[in-house]
Amino acid sequence: MGLIIEPKKTALILGGGGYVGIFQLGALKIIEENKIPIDEVIGVSVGSLNGAAFLMRDFSTKELSYIWHRVIQKPSTVFQYQSALYFMWKLGVPESIYRQEPLRRLVARIDSQKLIEHPKEFIAATTHMPSGKITYFSSKDPEIIAEPVKMNLAIMASCSIQPAFPGVLIEHKGEIGTYIDGAYKRPLPIKKAVEDGCDTVIVVRCHANTLIKPLPPRWDGALNESIGLFVNGREKDEINYAHERIKEGKWNVNLFVIEPDDLPETLDTNSFKKTEYHNDFVIGENEGKRAAASVLQPLIEHYRNQKIAPQPNP
């Protein structure tokens with residue numbers, strides 16, 4: 001798809017996907033290498049963590065690469081099962097499958113003060129419970145500016161898909177509420193970006209029809225796959241809605257959707273394969289680079305031509 005309109009304000013939307021979020025790292029490296037200007041970053045689930053780390057370093061993947069390197073060296077950095085004692089204490093009714101502390105430590109690497117001070121806006125998408133309403137936490141919100149820790153809590157909430165992780169308590173607009181993964185309500189906030197005045201929207205999603213596979217026999221794997229199937233459907237609805245609005249002339253927007261064509265079957269929401277001769281993360285990142293370079297070619301060419309265009313005589 002080419003450019004419909006001259007890009008003036010560009011939004012970057014990063015969807016969820018757990019460990020498949022490594023795909024987004026590859027895509028972000030293409031954006032970084034080609035210096036595509038981004039004005040607003042909206043993250044959902046793992047996309048919230050990826051987007052915050054990307055913007056925090058002024059659109060550099062350096063910190064994000066370090067975070068993913070830590071994950072690959074120690075998978076339990078994120079997904080760490082609750083102990084048997086915890087299940088017994090809860091009489092078989094656990095609050096979540098995984099412990100919250102590892103995720104909290106990972107999100108703590110995000111410097112919320114840098115996000116607040118950056119001239120561009122970062123937004124973490126969450127779902128408020130029990131109302132089920134979408135709630136956006138912005139780095140430009142006076143409440144966040146006054147209490148930067150709320151930005152970290154919002155990112156953690158955005159990553160907390162249930163029942164994998166427990167909800168996160170956040171005081172927002174004078175009320176304490178529970179917030180969970182934004183993918184439940186708005187997995188790809190394209191409409192939000194358009195309402196914010198963005199005329200160019202880059203979507204990087206980790207799901208695709210080509211990645212759908214049979215449910216695994218283990219209950220936890222089957223649960224994660226079923227959630228992924230649900231989110232994939234919701235994301236497609238968001239994308240189709242946007243395409244319809246553009247086709248009808250109601251949105252004058254450039255929309256670029258980056259998604260994987262093929263990933264290892266062993267790369268999943270909460271698991272991956274790493275051996276001496278095979279590394280799911282390397283394959284996933286490379287697929288992100290390939291897909292982004294292909295889909296964003298019109299945008300890459302646009303900014304490349306701007307740089308080599310002759311300058312007017314003084």
# chains A, B, ... in the order shown; residues from 1 in each chain; ligands from 1
>>> select_by_dssp(residues="region 5-190 of chain A", states="strand (DSSP E)", output="ChimeraX atom specification")
/A:10-14,40-44,121-129,134-138,168-172,175-181
>>> residues_around(residues="Asp141 (chain A)", least_positions_apart="6", cutoff="12 Å", atoms="only C-alpha atoms", output="list in words")
Leu115, Ile116, Glu117, Glu121, Phe122, Ile123, Ala124, Glu147, Pro148, Lys150, Met151, His172 and Lys173 of chain A
>>> residues_around(residues="region 32-34 of chain A", least_positions_apart="4", cutoff="10 Å", atoms="only C-alpha atoms", output="ChimeraX atom specification")
/A:26-28,38,54,58-61,293,296,299-301,303-304
>>> write_last_selection(atoms="all heavy atoms", output="tab-separated table (two decimals), in the first residue's frame")
chain	number	residue	atom	x	y	z
A	26	GLY	N	12.41	-6.67	15.94
A	26	GLY	CA	12.94	-6.60	14.58
A	26	GLY	C	12.32	-5.48	13.79
A	26	GLY	O	13.01	-4.74	13.07
A	27	ALA	N	11.00	-5.30	13.91
A	27	ALA	CA	10.31	-4.23	13.19
A	27	ALA	C	10.79	-2.86	13.67
A	27	ALA	O	11.00	-1.94	12.86
A	27	ALA	CB	8.80	-4.37	13.39
A	28	LEU	N	10.97	-2.71	14.97
A	28	LEU	CA	11.43	-1.43	15.52
A	28	LEU	C	12.85	-1.10	15.06
A	28	LEU	O	13.19	0.07	14.89
A	28	LEU	CB	11.36	-1.46	17.05
A	28	LEU	CG	9.95	-1.53	17.64
A	28	LEU	CD1	10.01	-1.67	19.16
A	28	LEU	CD2	9.13	-0.32	17.25
A	38	ILE	N	8.36	9.25	14.50
A	38	ILE	CA	7.18	8.79	15.23
A	38	ILE	C	6.76	9.89	16.21
A	38	ILE	O	7.58	10.45	16.92
A	38	ILE	CB	7.47	7.49	16.02
A	38	ILE	CG1	7.99	6.39	15.08
A	38	ILE	CG2	6.23	7.05	16.78
A	38	ILE	CD1	7.00	5.93	14.04
A	54	PHE	N	11.40	1.64	23.75
A	54	PHE	CA	11.82	2.25	22.48
A	54	PHE	C	11.80	3.77	22.57
A	54	PHE	O	12.76	4.45	22.18
A	54	PHE	CB	10.88	1.76	21.37
A	54	PHE	CG	11.28	2.16	19.98
A	54	PHE	CD1	12.56	1.93	19.50
A	54	PHE	CD2	10.35	2.75	19.12
A	54	PHE	CE1	12.92	2.29	18.20
A	54	PHE	CE2	10.68	3.11	17.83
A	54	PHE	CZ	11.98	2.87	17.37
A	58	ASP	N	14.74	7.37	23.18
A	58	ASP	CA	14.64	8.28	22.03
A	58	ASP	C	14.63	7.49	20.72
A	58	ASP	O	15.42	7.76	19.80
A	58	ASP	CB	15.77	9.30	22.03
A	58	ASP	CG	15.45	10.51	21.15
A	58	ASP	OD1	14.26	10.74	20.88
A	58	ASP	OD2	16.41	11.18	20.71
A	59	PHE	N	13.75	6.51	20.64
A	59	PHE	CA	13.55	5.67	19.46
A	59	PHE	C	14.80	4.87	19.09
A	59	PHE	O	15.14	4.72	17.92
A	59	PHE	CB	13.07	6.52	18.27
A	59	PHE	CG	11.79	7.26	18.57
A	59	PHE	CD1	11.80	8.64	18.72
A	59	PHE	CD2	10.60	6.58	18.74
A	59	PHE	CE1	10.62	9.33	19.01
A	59	PHE	CE2	9.42	7.25	19.03
A	59	PHE	CZ	9.43	8.64	19.17
A	60	SER	N	15.42	4.38	20.13
A	60	SER	CA	16.55	3.46	19.97
A	60	SER	C	16.15	2.11	20.57
A	60	SER	O	15.46	2.06	21.59
A	60	SER	CB	17.79	3.99	20.69
A	60	SER	OG	18.77	2.97	20.84
A	61	THR	N	16.60	1.02	19.94
A	61	THR	CA	16.26	-0.32	20.43
A	61	THR	C	17.33	-0.86	21.39
A	61	THR	O	17.28	-2.03	21.76
A	61	THR	CB	16.11	-1.30	19.25
A	61	THR	OG1	17.32	-1.28	18.46
A	61	THR	CG2	14.92	-0.93	18.38
A	293	ALA	N	10.50	-4.11	6.72
A	293	ALA	CA	11.18	-3.55	5.56
A	293	ALA	C	10.30	-3.60	4.32
A	293	ALA	O	10.30	-2.69	3.49
A	293	ALA	CB	12.50	-4.30	5.31
A	296	LEU	N	6.83	-1.24	5.10
A	296	LEU	CA	7.12	0.19	5.25
A	296	LEU	C	7.91	0.79	4.09
A	296	LEU	O	8.31	1.95	4.16
A	296	LEU	CB	7.90	0.42	6.56
A	296	LEU	CG	7.17	0.07	7.86
A	296	LEU	CD1	8.08	0.32	9.05
A	296	LEU	CD2	5.89	0.90	7.99
A	299	LEU	N	6.98	4.29	2.94
A	299	LEU	CA	7.33	5.30	3.93
A	299	LEU	C	8.84	5.52	3.97
A	299	LEU	O	9.32	6.66	4.09
A	299	LEU	CB	6.81	4.87	5.31
A	299	LEU	CG	6.47	5.94	6.34
A	299	LEU	CD1	5.50	6.96	5.78
A	299	LEU	CD2	5.90	5.31	7.59
A	300	ILE	N	9.58	4.43	3.87
A	300	ILE	CA	11.05	4.52	3.85
A	300	ILE	C	11.50	5.34	2.64
A	300	ILE	O	12.36	6.23	2.76
A	300	ILE	CB	11.67	3.11	3.82
A	300	ILE	CG1	11.40	2.39	5.15
A	300	ILE	CG2	13.17	3.19	3.56
A	300	ILE	CD1	11.78	0.92	5.14
A	301	GLU	N	10.91	5.06	1.48
A	301	GLU	CA	11.26	5.79	0.26
A	301	GLU	C	10.88	7.26	0.37
A	301	GLU	O	11.61	8.15	-0.10
A	301	GLU	CB	10.56	5.16	-0.95
A	301	GLU	CG	11.12	3.82	-1.37
A	301	GLU	CD	12.55	3.92	-1.88
A	301	GLU	OE1	12.91	4.97	-2.44
A	301	GLU	OE2	13.32	2.95	-1.70
A	303	TYR	N	10.76	9.23	3.04
A	303	TYR	CA	11.71	10.00	3.86
A	303	TYR	C	13.11	9.98	3.26
A	303	TYR	O	13.87	10.94	3.42
A	303	TYR	CB	11.71	9.46	5.30
A	303	TYR	CG	10.46	9.86	6.04
A	303	TYR	CD1	9.49	8.90	6.39
A	303	TYR	CD2	10.20	11.18	6.35
A	303	TYR	CE1	8.33	9.26	7.04
A	303	TYR	CE2	9.04	11.56	7.00
A	303	TYR	CZ	8.11	10.60	7.35
A	303	TYR	OH	6.94	10.96	7.99
A	304	ARG	N	13.44	8.93	2.53
A	304	ARG	CA	14.73	8.89	1.85
A	304	ARG	C	14.78	9.96	0.76
A	304	ARG	O	15.79	10.66	0.59
A	304	ARG	CB	14.96	7.50	1.26
A	304	ARG	CG	16.33	7.32	0.61
A	304	ARG	CD	16.46	5.89	0.10
A	304	ARG	NE	16.42	4.93	1.19
A	304	ARG	CZ	16.14	3.65	1.04
A	304	ARG	NH1	15.86	3.17	-0.17
A	304	ARG	NH2	16.15	2.83	2.09
>>> select_by_dssp(residues="region 51-299 of chain A", states="alpha helix (DSSP H)", output="MDAnalysis selection string")
chainID A and resid 51:56 62:73 84:89 101:107 112:117 142:146 149:159 190:195 219:247 280:295 297:299
>>> closest_residue(among="A:Gly167, A:Gly21, A:Pro7, A:Gly15", to="Val203 (chain A)", atoms="only C-alpha atoms")
A:Gly15
>>> residues_around(residues="Ala193 (chain A)", least_positions_apart="5", cutoff="8 Å", atoms="only C-alpha atoms", output="PDB file with N, CA, C and O atoms, in the first residue's frame")
ATOM      1  N   ALA A  11       1.625   7.680  14.167  1.00  0.00           N
ATOM      2  CA  ALA A  11       1.449   6.883  15.386  1.00  0.00           C
ATOM      3  C   ALA A  11       2.028   5.486  15.168  1.00  0.00           C
ATOM      4  O   ALA A  11       1.914   4.917  14.081  1.00  0.00           O
ATOM      5  N   GLU A  40       3.721   9.507  18.227  1.00  0.00           N
ATOM      6  CA  GLU A  40       2.918   8.934  19.312  1.00  0.00           C
ATOM      7  C   GLU A  40       3.107   7.424  19.311  1.00  0.00           C
ATOM      8  O   GLU A  40       3.071   6.797  18.256  1.00  0.00           O
ATOM      9  N   CYS A 198      -3.516  11.706  14.117  1.00  0.00           N
ATOM     10  CA  CYS A 198      -2.458  11.047  13.335  1.00  0.00           C
ATOM     11  C   CYS A 198      -2.982  10.712  11.937  1.00  0.00           C
ATOM     12  O   CYS A 198      -4.058  10.150  11.798  1.00  0.00           O
ATOM     13  N   VAL A 201      -0.465   5.695  10.409  1.00  0.00           N
ATOM     14  CA  VAL A 201      -0.499   4.748  11.524  1.00  0.00           C
ATOM     15  C   VAL A 201       0.274   3.491  11.136  1.00  0.00           C
ATOM     16  O   VAL A 201      -0.027   2.852  10.127  1.00  0.00           O
TER      17      VAL A 201
END
>>> residues_around(residues="Pro298 (chain A)", least_positions_apart="4", cutoff="9 Å", atoms="only C-alpha atoms", output="PyMOL selection string")
chain A and resi 1-3+294+302-303
>>> write_last_selection(atoms="N, CA and C atoms", output="CSV table (one decimal), in the first residue's frame")
chain,number,residue,atom,x,y,z
A,1,MET,N,0.8,-1.2,0.0
A,1,MET,CA,0.0,0.0,0.0
A,1,MET,C,0.9,1.2,0.0
A,2,GLY,N,0.6,2.2,-0.9
A,2,GLY,CA,1.4,3.4,-1.0
A,2,GLY,C,0.8,4.5,0.0
A,3,LEU,N,1.3,5.7,-0.2
A,3,LEU,CA,0.9,6.8,0.7
A,3,LEU,C,-0.3,7.4,0.1
A,294,SER,N,9.5,-4.7,4.2
A,294,SER,CA,8.6,-4.8,3.1
A,294,SER,C,7.4,-3.9,3.2
A,302,HIS,N,9.8,7.5,1.0
A,302,HIS,CA,9.3,8.9,1.1
A,302,HIS,C,10.3,9.7,1.9
A,303,TYR,N,10.8,9.2,3.0
A,303,TYR,CA,11.7,10.0,3.9
A,303,TYR,C,13.1,10.0,3.3
>>> atom_distance(atom1="CA of Lys140 (chain A)", atom2="CA of Gln162 (chain A)")
27.6 Å
>>> residues_around(residues="Thr210 (chain A)", least_positions_apart="2", cutoff="8 Å", atoms="only C-alpha atoms", output="number ranges by chain")
A: 208, 212, 261-262
>>> closest_atom_pairs(of="region 153-193 of chain A", to="region 95-107 of chain A", cutoff="8 Å", atoms="only C-alpha atoms", output="tab-separated table")
residue	atom	partner	partner_atom	distance
A:Ile155	CA	A:Val107	CA	7.1
A:Met156	CA	A:Val107	CA	6.3
A:Gln162	CA	A:Ser96	CA	7.2
A:Pro163	CA	A:Ser96	CA	5.2
A:Ala164	CA	A:Ile97	CA	4.8
A:Phe165	CA	A:Ser96	CA	5.0
A:Pro166	CA	A:Ser96	CA	5.4
